[in-house]
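Right, one structure below, let's go through it.
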2 protein chains.
Amino acid sequence: MRDRVPASPALPSRATSRRPPHSIDVILFTPRGTQLAALCVRAADPQARERWQLPTDWVAEDETLDATARRVARAAAGVDPTWMEQVGAFADARRHPTDAVLSVAFVAVVPATALDEQTTDSAWFSVGEPPQLPPRQRAMLDAALEAMRTRMDYAPIAFKLLPPMFTLSELQQMYEILLGRRLHKASFRRALQGAVLVEPTDEWRSEGRGRPAQYYRFAPRKRRTSRRPVRFDLL
Amino acid sequence: MRDRVPASPALPSRATSRRPPHSIDVILFTPRGTQLAALCVRAADPQARERWQLPTDWVAEDETLDATARRVARAAAGVDPTWMEQVGAFADARRHPTDAVLSVAFVAVVPATALDEQTTDSAWFSVGEPPQLPPRQRAMLDAALEAMRTRMDYAPIAFKLLPPMFTLSELQQMYEILLGRRLHKASFRRALQGAVLVEPTDEWRSEGRGRPAQYYRFAPRKRRTSRRPVRFDLL
DNA sequence: TGACATAAGTATCGCGCGGCTACTAAATCG
DNA sequence: CGATTTAGTAGCCGCGCGATACTTATGTCA
C-alpha cells in the first residue's frame with residue numbers, strides 16, 4: 001500500500017532551476033491510542049539529525065497548492081490523507097528550515113490503520129507534547145490544530161478516519177481524540193440522530209466482553225438548513 | 001485624515017529589483033446603508049479602465065504579510081482598517097491582474113464614517129451585486145465574506161465598526177448588515193446581556209421621533225469559559 | 001449455573017437558550 | 001389629545017444539551 005518514499009521526506013526532492021520562494025508545509029494528524037498525534041520528520045541537514053521539523057517542499061511548476069500538499073503528505077506518511085484543507089500563509093521573520101520567504105500550511109488527517117512501520121526519518125508526536133520545532137512551523141502546528149477542530153463542525157473529518165462501517169462508540173471516541181476532550185454518550189447520540197447522518201446496518205460487532213454494538217455507515221441525508229445563532233460568549 | 005494616496009492604488013507602486021512573485025489582495029468591507037459593500041479599484045492597464053479588480057500589491061522586502069495588507073488597505077480606502085485578518089493563499093491557474101503565482105487574501109473592515117469622497121479610481125459595490133472580477137479575485141471575495149462572518153463569533157468586528165458609544169439598536173443593525181440577515185431584537189439583547197460585553201453610559205440619544213435610546217460602550221468583562229457543543233447539523 | 005464485570009444503548013429530568021408574540025415606555029407630529 | 005415611531009421588556013414555548021440513572025446483552029469466573 002505504501003508508495004515509494006524518498007529517502008528524506010523533509011528534503012526538497014525536486015531540483016528546479018527557478019524555484020518559487022514559497023514552501024508548502026503539511027501538519028499531518030492521526031489518532032494514536034487515545035491521543036492525537038502529529039507527524040514530524042528529521043531535519044535534512046546531516047549535521048542536525050536530532051532536530052525535528054514538519055514535512056515540507058517547494059511548489060512545482062504548474063502545480064496547485066493542494067497538489068503539492070498532497071504530494072508532501074504522501075511522501076511523509078506513505079498514503080494519501082483522507083481529509084485535507086489549507087490553514088493559511090505564514091511569512092513572518094521567524095526561522096523556517098527551508099528559508100522560504102513564505103510558507104503555506106495545510107492540515108491533513110490519515111487513519112491509524114494506514115500507518116505502517118516507523119521509519120528512522122519520521123515519528124508521530126502527541127499534540128500535547130510536540131518536539132521543538134522551527135519557530136514558524138511551531139506556529140503552524142498550533143494554527144492547524146485549531147483550524148481542524150473548528151472545521152469539524154462543517155466537514156465529516158471524523159468519519160473519514162473510520163472504516164466504512166463503525167460503531168457509534170468508535171465514532172464518539174474518534175471525536176474525543178480529535179477534539180481532545182470527553183463527550184457525553186447520550187448527548188452525542190441524540191445530536192447524531194437529530195441530524196440524519198448515519199444509518200444502521202445488519203452487522204454487529206461482538207468482540208470479547210460487553211454487549212455487542214451495531215455497525216453504522218455514514219449516509220448523510222438532510223441538507224444544511226440550520227442557521228447558527230449569533231454568539232457573544234466567545235468574544 | 002486621509003493619507004497621501006498613490007495615483008493608482010491597484011498598480012504595484014514599488015519597483016523592487018527582485019520582487020517576490022506573490023501578491024497581497026485585500027477585500028475591504030464597509031456598511032453602506034443597510035447593505036455590506038466591498039471596495040474595488042480600476043484596472044491599472046489604461047487600456048482596460050472599465051474593468052474592476054481588488055486592491056493588491058507585492059510584498060516589500062522585510063515586510064510582513066499583515067503590514068503589506070495594511071498598506072494596501074490604507075492606499076485603497078485612505079484609512080487604516082479597524083479589523084483585519086488573513087483569509088488564505090490562492091494559487092490556482094485562474095487569472096490574476098498582476099500575474100502573481102500566489103496571492104494571499106486579507107479581509108478587512110472600515111467604518112462608514114471614515115469614508116470620504118469617491119474617487120474615480122475606486123468604488124464600493126454591494127456584496128450582493130459585485131462587479132465582474134478576475135477569476136482568482138472573485139474566489140477571494142467569496143471566501144473573505146464567509147471568513148468574516150465566521151469570525152464574528154470570535155472577534156468584536158461589529159463593535160470596531162461603531163463609535164465608542166452606540167445604542168443597542170445601532171449594534172444590532174451593524175450585525176444585520178455584516179451577516180446579511182435580520183435578527184430578533186429580544187433574543188439579540190438577551191444574548192448580549194448574557195455575555196457581559198457592554199455597559200450603559202449616562203448618555204442618551206434623542207434624535208427626532210421615537211423613544212430616546214441609551215448609549216452603551218464596549219466593555220467586555222467575562223473571559224471565554226464557554227465550550228461549544230459538537231454540531232452535526234452543519235455537515 | 002448463578003454472580004459479577006463490561007460495554008452498549010435508553011429513559012427521564014432539568015435548565016438554559018433562542019425564537020416568537022405581545023406588551024410597556026418615551027419621545028415627536030398633527 | 002391621539003396617532004406614530006422607536007426603545008426596551010415580559011412571558012411563553014420548544015428544543016438542545018448535560019447529568020444521572022436505568023436496561024440490555026454479552027463474556028468471565030468461581
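Each chain of the C-alpha cells is named A, B, ... in the order shown, its residues numbered from 1; ligands are numbered from 1 in display order.
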Practice task
Quick one: everything within 10 Å of stretch 54-70 of chain B, counting only C-alpha atoms (C1' of nucleotides), minus sequence neighbours fewer than 5 positions away in the same chain. Send it as JSON, numbers by chain.
Solution key: {"A": [89, 90, 91, 92, 93, 101, 102], "B": [8, 9, 10, 11, 12, 13, 14, 15, 16, 18, 19, 20, 21, 22, 23, 24, 25, 26, 27, 28, 38, 39, 40, 41, 42, 43, 75, 76, 77, 79, 80, 81, 83, 84, 85, 86, 96, 97, 98, 100, 103, 104, 105, 106, 107, 108, 122, 133, 134, 137, 138, 140, 141]}
Kindly save the residues from that selection, with C-alpha atoms included, as an mmCIF file, in the first residue's frame.
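What landed in again_10.cif:
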```cif
data_model
loop_
_atom_site.group_PDB
_atom_site.id
_atom_site.type_symbol
_atom_site.label_atom_id
_atom_site.label_comp_id
_atom_site.auth_asym_id
_atom_site.auth_seq_id
_atom_site.Cartn_x
_atom_site.Cartn_y
_atom_site.Cartn_z
ATOM 1 C CA ALA A 89 0.088 31.607 4.754
ATOM 2 C CA PHE A 90 2.914 32.230 7.182
ATOM 3 C CA ALA A 91 5.652 34.674 6.323
ATOM 4 C CA ASP A 92 6.938 36.323 9.438
ATOM 5 C CA ALA A 93 10.650 36.591 10.021
ATOM 6 C CA VAL A 101 10.088 33.611 2.278
ATOM 7 C CA LEU A 102 6.522 32.394 2.572
ATOM 8 C CA SER B 8 -3.466 54.250 -8.902
ATOM 9 C CA PRO B 9 -3.859 52.059 -5.840
ATOM 10 C CA ALA B 10 -4.240 48.986 -7.982
ATOM 11 C CA LEU B 11 -0.879 49.394 -9.621
ATOM 12 C CA PRO B 12 2.085 47.939 -7.806
ATOM 13 C CA SER B 13 3.759 51.124 -6.715
ATOM 14 C CA ARG B 14 7.119 49.770 -5.693
ATOM 15 C CA ALA B 15 9.770 48.916 -8.189
ATOM 16 C CA THR B 16 11.938 46.443 -6.408
ATOM 17 C CA ARG B 18 13.866 41.360 -7.257
ATOM 18 C CA ARG B 19 10.208 41.159 -6.344
ATOM 19 C CA PRO B 20 8.732 38.054 -4.744
ATOM 20 C CA PRO B 21 6.146 36.504 -7.033
ATOM 21 C CA HIS B 22 3.284 36.689 -4.581
ATOM 22 C CA SER B 23 0.783 39.463 -4.099
ATOM 23 C CA ILE B 24 -1.366 40.590 -1.197
ATOM 24 C CA ASP B 25 -5.017 41.218 -2.076
ATOM 25 C CA VAL B 26 -7.330 42.950 0.348
ATOM 26 C CA ILE B 27 -11.092 42.607 0.462
ATOM 27 C CA LEU B 28 -12.321 45.746 2.223
ATOM 28 C CA ALA B 38 -16.728 45.835 -0.916
ATOM 29 C CA LEU B 39 -14.122 48.190 -2.315
ATOM 30 C CA CYS B 40 -12.939 47.693 -5.890
ATOM 31 C CA VAL B 41 -10.415 49.677 -7.866
ATOM 32 C CA ARG B 42 -9.972 50.233 -11.578
ATOM 33 C CA ALA B 43 -7.541 48.128 -13.523
ATOM 34 C CA ALA B 75 -3.806 53.113 -0.057
ATOM 35 C CA ALA B 76 -7.178 51.993 -1.347
ATOM 36 C CA ALA B 77 -9.509 53.346 1.341
ATOM 37 C CA VAL B 79 -7.684 54.962 6.310
ATOM 38 C CA ASP B 80 -6.422 52.062 8.364
ATOM 39 C CA PRO B 81 -8.925 49.233 8.683
ATOM 40 C CA TRP B 83 -10.154 44.994 11.868
ATOM 41 C CA MET B 84 -8.231 42.746 9.530
ATOM 42 C CA GLU B 85 -7.394 39.075 9.250
ATOM 43 C CA GLN B 86 -5.843 36.715 6.734
ATOM 44 C CA HIS B 96 -4.908 37.419 -11.578
ATOM 45 C CA PRO B 97 -4.315 41.045 -12.619
ATOM 46 C CA THR B 98 -0.686 41.032 -11.517
ATOM 47 C CA ALA B 100 1.172 36.658 -9.355
ATOM 48 C CA SER B 103 -1.859 35.612 -3.798
ATOM 49 C CA VAL B 104 -2.641 35.925 -0.111
ATOM 50 C CA ALA B 105 -6.094 37.326 0.612
ATOM 51 C CA PHE B 106 -6.899 39.505 3.603
ATOM 52 C CA VAL B 107 -10.335 40.607 4.755
ATOM 53 C CA ALA B 108 -10.674 43.984 6.459
ATOM 54 C CA SER B 122 -12.287 53.190 -6.742
ATOM 55 C CA LEU B 133 -13.617 40.465 -11.243
ATOM 56 C CA PRO B 134 -10.582 38.484 -12.348
ATOM 57 C CA GLN B 137 -10.120 37.563 -7.022
ATOM 58 C CA ARG B 138 -13.741 36.541 -7.381
ATOM 59 C CA MET B 140 -11.168 35.560 -2.820
ATOM 60 C CA LEU B 141 -14.187 37.803 -2.385
#
```
Write out, as a Markdown table, each residue of chain D that has an atom at most 6 Å from chain B, together with the closest pair of atoms and their distance in Å to one decimal, counting only C-alpha atoms (C1' of nucleotides), rows going by chain and rising number.
```
| residue | atom | partner | partner_atom | distance |
| --- | --- | --- | --- | --- |
| D:DT5 | C1' | B:Gly210 | CA | 4.7 |
| D:DT6 | C1' | B:Gly210 | CA | 4.1 |
| D:DA7 | C1' | B:Arg211 | CA | 5.5 |
```
Within 6 Å of chain A, which residues of chain C are there when counting only C-alpha atoms (C1' of nucleotides)? Please give them as a CSV table (one decimal) with N, CA and C atoms (P, O5', C5', C4', C3', O3' and C1' of nucleotides), in the first residue's frame.
```
chain,number,residue,atom,x,y,z
C,6,DT,P,-14.7,-4.7,35.0
C,6,DT,O5',-15.3,-4.6,33.5
C,6,DT,C5',-15.1,-5.7,32.6
C,6,DT,C4',-15.9,-5.4,31.4
C,6,DT,C3',-16.0,-4.0,30.9
C,6,DT,O3',-15.6,-3.8,29.6
C,6,DT,C1',-18.1,-4.9,30.9
C,7,DA,P,-15.0,-2.4,29.1
C,7,DA,O5',-16.1,-2.0,27.9
C,7,DA,C5',-16.3,-3.0,26.9
C,7,DA,C4',-17.8,-2.8,26.4
C,7,DA,C3',-18.1,-1.4,26.0
C,7,DA,O3',-18.4,-1.3,24.6
C,7,DA,C1',-19.8,-2.4,27.3
C,8,DA,P,-19.0,0.0,23.9
C,8,DA,O5',-20.6,-0.4,23.8
C,8,DA,C5',-20.9,-1.6,23.2
C,8,DA,C4',-22.4,-1.7,23.0
C,8,DA,C3',-23.1,-0.5,22.3
C,8,DA,O3',-24.1,-1.0,21.4
C,8,DA,C1',-24.0,-0.8,24.5
```
Exercise for the section: Could you list, as a ChimeraX atom specification, the residues of chain B having an atom within 6 Å of chain A when counting only C-alpha atoms? Expected result: /B:64,88-89,92,153-155,195,224,231-235
Handout entry: DSSP alpha helix (DSSP H) residues within stretch 74-116 of chain A, listed as a list in words
Key = Arg74, Ala75, Ala76 and Ala77 of chain A
Handout entry: Exercise: C:DG16 partners within 12 Å, only C-alpha atoms (C1' of nucleotides), chain neighbours under 6 positions left out, as a PyMOL selection string
Key = (chain B and resi 190-191+194) or (chain D and resi 15-18)
When DSSP works through the backbone of this structure, what residues of stretch 3-229 of chain B end up as strand (DSSP E), shown as a compact mmCIF listing (two decimals) with N, CA and C atoms, in the first residue's frame?
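Written file, part.txt:
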```
# COMPACT_ATOMS: atom_id res chain seq x y z
N HIS B 22 4.61 36.82 -5.17
CA HIS B 22 3.28 36.69 -4.58
C HIS B 22 2.74 38.04 -4.17
N SER B 23 1.44 38.19 -4.36
CA SER B 23 0.78 39.46 -4.10
C SER B 23 -0.07 39.36 -2.85
N ILE B 24 -0.40 40.50 -2.29
CA ILE B 24 -1.37 40.59 -1.20
C ILE B 24 -2.60 41.29 -1.74
N ASP B 25 -3.76 40.63 -1.63
CA ASP B 25 -5.02 41.22 -2.08
C ASP B 25 -5.90 41.46 -0.86
N VAL B 26 -6.53 42.60 -0.82
CA VAL B 26 -7.33 42.95 0.35
C VAL B 26 -8.79 43.12 -0.05
N ILE B 27 -9.66 42.41 0.62
CA ILE B 27 -11.09 42.61 0.46
C ILE B 27 -11.56 43.50 1.59
N LEU B 28 -11.94 44.73 1.24
CA LEU B 28 -12.32 45.75 2.22
C LEU B 28 -13.83 45.86 2.25
N PHE B 29 -14.40 45.64 3.43
CA PHE B 29 -15.85 45.75 3.58
C PHE B 29 -16.19 46.99 4.39
N THR B 30 -17.34 47.56 4.10
CA THR B 30 -17.86 48.66 4.89
C THR B 30 -19.38 48.60 4.86
N PRO B 31 -20.04 49.04 5.95
CA PRO B 31 -21.50 49.11 5.91
C PRO B 31 -21.94 50.34 5.11
N ARG B 32 -22.76 50.11 4.12
CA ARG B 32 -23.24 51.22 3.30
C ARG B 32 -24.76 51.13 3.27
N GLN B 35 -26.70 47.75 3.50
CA GLN B 35 -26.01 46.69 2.77
C GLN B 35 -24.52 46.70 3.10
N LEU B 36 -23.90 45.56 2.93
CA LEU B 36 -22.46 45.47 3.05
C LEU B 36 -21.84 45.70 1.68
N ALA B 37 -20.78 46.50 1.65
CA ALA B 37 -20.16 46.85 0.37
C ALA B 37 -18.68 46.51 0.40
N ALA B 38 -18.14 46.17 -0.77
CA ALA B 38 -16.73 45.83 -0.92
C ALA B 38 -16.08 46.85 -1.84
N LEU B 39 -14.83 47.17 -1.54
CA LEU B 39 -14.12 48.19 -2.31
C LEU B 39 -13.41 47.56 -3.50
N CYS B 40 -13.64 48.12 -4.69
CA CYS B 40 -12.94 47.69 -5.89
C CYS B 40 -12.24 48.90 -6.51
N VAL B 41 -11.18 48.61 -7.22
CA VAL B 41 -10.41 49.68 -7.87
C VAL B 41 -10.35 49.38 -9.36
N ARG B 42 -10.05 50.42 -10.13
CA ARG B 42 -9.97 50.23 -11.58
C ARG B 42 -8.68 49.52 -11.96
N TRP B 52 -12.83 46.13 -13.26
CA TRP B 52 -12.60 46.34 -11.83
C TRP B 52 -11.79 45.18 -11.27
N GLN B 53 -11.08 45.50 -10.19
CA GLN B 53 -10.33 44.45 -9.50
C GLN B 53 -10.19 44.83 -8.03
N THR B 56 -4.47 45.47 -4.56
CA THR B 56 -3.41 44.47 -4.46
C THR B 56 -2.05 45.14 -4.57
N ASP B 57 -1.04 44.46 -4.07
CA ASP B 57 0.33 44.93 -4.25
C ASP B 57 1.27 43.79 -3.90
N TRP B 58 2.54 43.98 -4.23
CA TRP B 58 3.53 42.99 -3.88
C TRP B 58 4.01 43.21 -2.45
N TRP B 83 -10.35 46.42 11.60
CA TRP B 83 -10.15 44.99 11.87
C TRP B 83 -9.66 44.34 10.59
N MET B 84 -8.78 43.40 10.72
CA MET B 84 -8.23 42.75 9.53
C MET B 84 -7.75 41.36 9.91
N GLU B 85 -7.87 40.43 8.99
CA GLU B 85 -7.39 39.08 9.25
C GLU B 85 -7.11 38.37 7.91
N GLN B 86 -6.18 37.44 7.96
CA GLN B 86 -5.84 36.71 6.73
C GLN B 86 -6.92 35.70 6.39
N VAL B 87 -7.19 35.56 5.11
CA VAL B 87 -8.17 34.57 4.64
C VAL B 87 -7.48 33.30 4.19
N GLY B 88 -6.43 33.44 3.41
CA GLY B 88 -5.71 32.27 2.93
C GLY B 88 -4.94 32.57 1.66
N ALA B 89 -4.26 31.55 1.17
CA ALA B 89 -3.45 31.68 -0.03
C ALA B 89 -4.20 31.11 -1.22
N PHE B 90 -4.12 31.80 -2.33
CA PHE B 90 -4.79 31.38 -3.56
C PHE B 90 -3.76 31.31 -4.66
N LEU B 102 1.23 33.40 -6.67
CA LEU B 102 0.47 33.11 -5.45
C LEU B 102 -0.04 34.43 -4.87
N SER B 103 -1.28 34.41 -4.40
CA SER B 103 -1.86 35.61 -3.80
C SER B 103 -2.39 35.26 -2.43
N VAL B 104 -2.10 36.11 -1.46
CA VAL B 104 -2.64 35.93 -0.11
C VAL B 104 -3.74 36.95 0.10
N ALA B 105 -4.94 36.45 0.43
CA ALA B 105 -6.09 37.33 0.61
C ALA B 105 -6.24 37.73 2.07
N PHE B 106 -6.58 39.00 2.27
CA PHE B 106 -6.90 39.50 3.60
C PHE B 106 -8.30 40.11 3.54
N VAL B 107 -9.04 39.95 4.64
CA VAL B 107 -10.33 40.61 4.75
C VAL B 107 -10.21 41.68 5.81
N ALA B 108 -10.79 42.85 5.54
CA ALA B 108 -10.67 43.98 6.46
C ALA B 108 -11.96 44.78 6.43
N VAL B 109 -12.19 45.55 7.48
CA VAL B 109 -13.38 46.39 7.54
C VAL B 109 -12.98 47.81 7.91
N SER B 122 -11.80 54.23 -7.63
CA SER B 122 -12.29 53.19 -6.74
C SER B 122 -13.77 53.40 -6.48
N ALA B 123 -14.45 52.33 -6.16
CA ALA B 123 -15.89 52.42 -5.89
C ALA B 123 -16.30 51.28 -4.99
N TRP B 124 -17.36 51.50 -4.22
CA TRP B 124 -17.90 50.47 -3.33
C TRP B 124 -19.03 49.75 -4.04
N PHE B 125 -19.01 48.43 -4.00
CA PHE B 125 -20.05 47.62 -4.61
C PHE B 125 -20.74 46.78 -3.53
N SER B 126 -22.05 46.73 -3.60
CA SER B 126 -22.77 45.85 -2.67
C SER B 126 -22.33 44.42 -2.89
N MET B 165 -19.33 55.07 21.63
CA MET B 165 -20.64 54.94 22.25
C MET B 165 -21.68 54.68 21.17
N PHE B 166 -22.58 53.77 21.45
CA PHE B 166 -23.55 53.35 20.43
C PHE B 166 -24.79 52.85 21.16
N THR B 167 -25.91 52.85 20.46
CA THR B 167 -27.13 52.28 21.02
C THR B 167 -27.21 50.81 20.64
N VAL B 198 -21.14 44.78 27.17
CA VAL B 198 -21.36 46.22 27.09
C VAL B 198 -21.80 46.74 28.45
N GLU B 199 -21.56 48.04 28.65
CA GLU B 199 -22.06 48.67 29.87
C GLU B 199 -22.74 49.98 29.47
N PRO B 200 -23.85 50.30 30.14
CA PRO B 200 -24.59 51.52 29.78
C PRO B 200 -23.83 52.75 30.22
N THR B 201 -24.04 53.84 29.51
CA THR B 201 -23.47 55.12 29.89
C THR B 201 -24.60 56.02 30.38
N ASP B 202 -24.25 57.27 30.71
CA ASP B 202 -25.27 58.21 31.14
C ASP B 202 -25.84 58.99 29.97
N GLU B 203 -25.30 58.73 28.80
CA GLU B 203 -25.71 59.48 27.63
C GLU B 203 -26.94 58.85 26.99
N TRP B 204 -27.76 59.69 26.40
CA TRP B 204 -28.96 59.22 25.70
C TRP B 204 -29.01 59.87 24.33
N ARG B 205 -29.48 59.09 23.38
CA ARG B 205 -29.65 59.63 22.04
C ARG B 205 -31.09 60.08 21.88
N ALA B 213 -32.81 56.51 23.02
CA ALA B 213 -32.08 55.25 23.24
C ALA B 213 -30.86 55.53 24.10
N GLN B 214 -30.58 54.61 25.00
CA GLN B 214 -29.41 54.77 25.86
C GLN B 214 -28.15 54.37 25.11
N TYR B 215 -27.09 55.13 25.34
CA TYR B 215 -25.81 54.79 24.74
C TYR B 215 -25.08 53.77 25.62
N TYR B 216 -24.42 52.83 24.92
CA TYR B 216 -23.61 51.84 25.60
C TYR B 216 -22.17 51.96 25.11
N ARG B 217 -21.26 51.35 25.86
CA ARG B 217 -19.88 51.27 25.37
C ARG B 217 -19.42 49.82 25.48
N PHE B 218 -18.47 49.48 24.63
CA PHE B 218 -17.92 48.12 24.60
C PHE B 218 -17.00 47.95 25.80
```
Practice task
Could you give me, as a ChimeraX atom specification, the residues within 12 Å of D:DC29, counting only C-alpha atoms (C1' of nucleotides) and dropping anything in the same chain fewer than 2 positions from it?
Solution key: /C:1-5 /D:27
Exercise for the section: Work out how far atom CA of B:Pro135 is from atom CA of B:Leu115, in Å to one decimal. Expected result: 27.4 Å
Practice task
Please identify all polymer residues within 12 Å of D:DG14, counting only C-alpha atoms (C1' of nucleotides), omitting same-chain residues fewer than 3 positions from it, and present them as a list in words.
Solution key: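 Counting only C-alpha atoms (C1' of nucleotides), the residues come to DC17, DG18, DG19 and DC20 of chain C.
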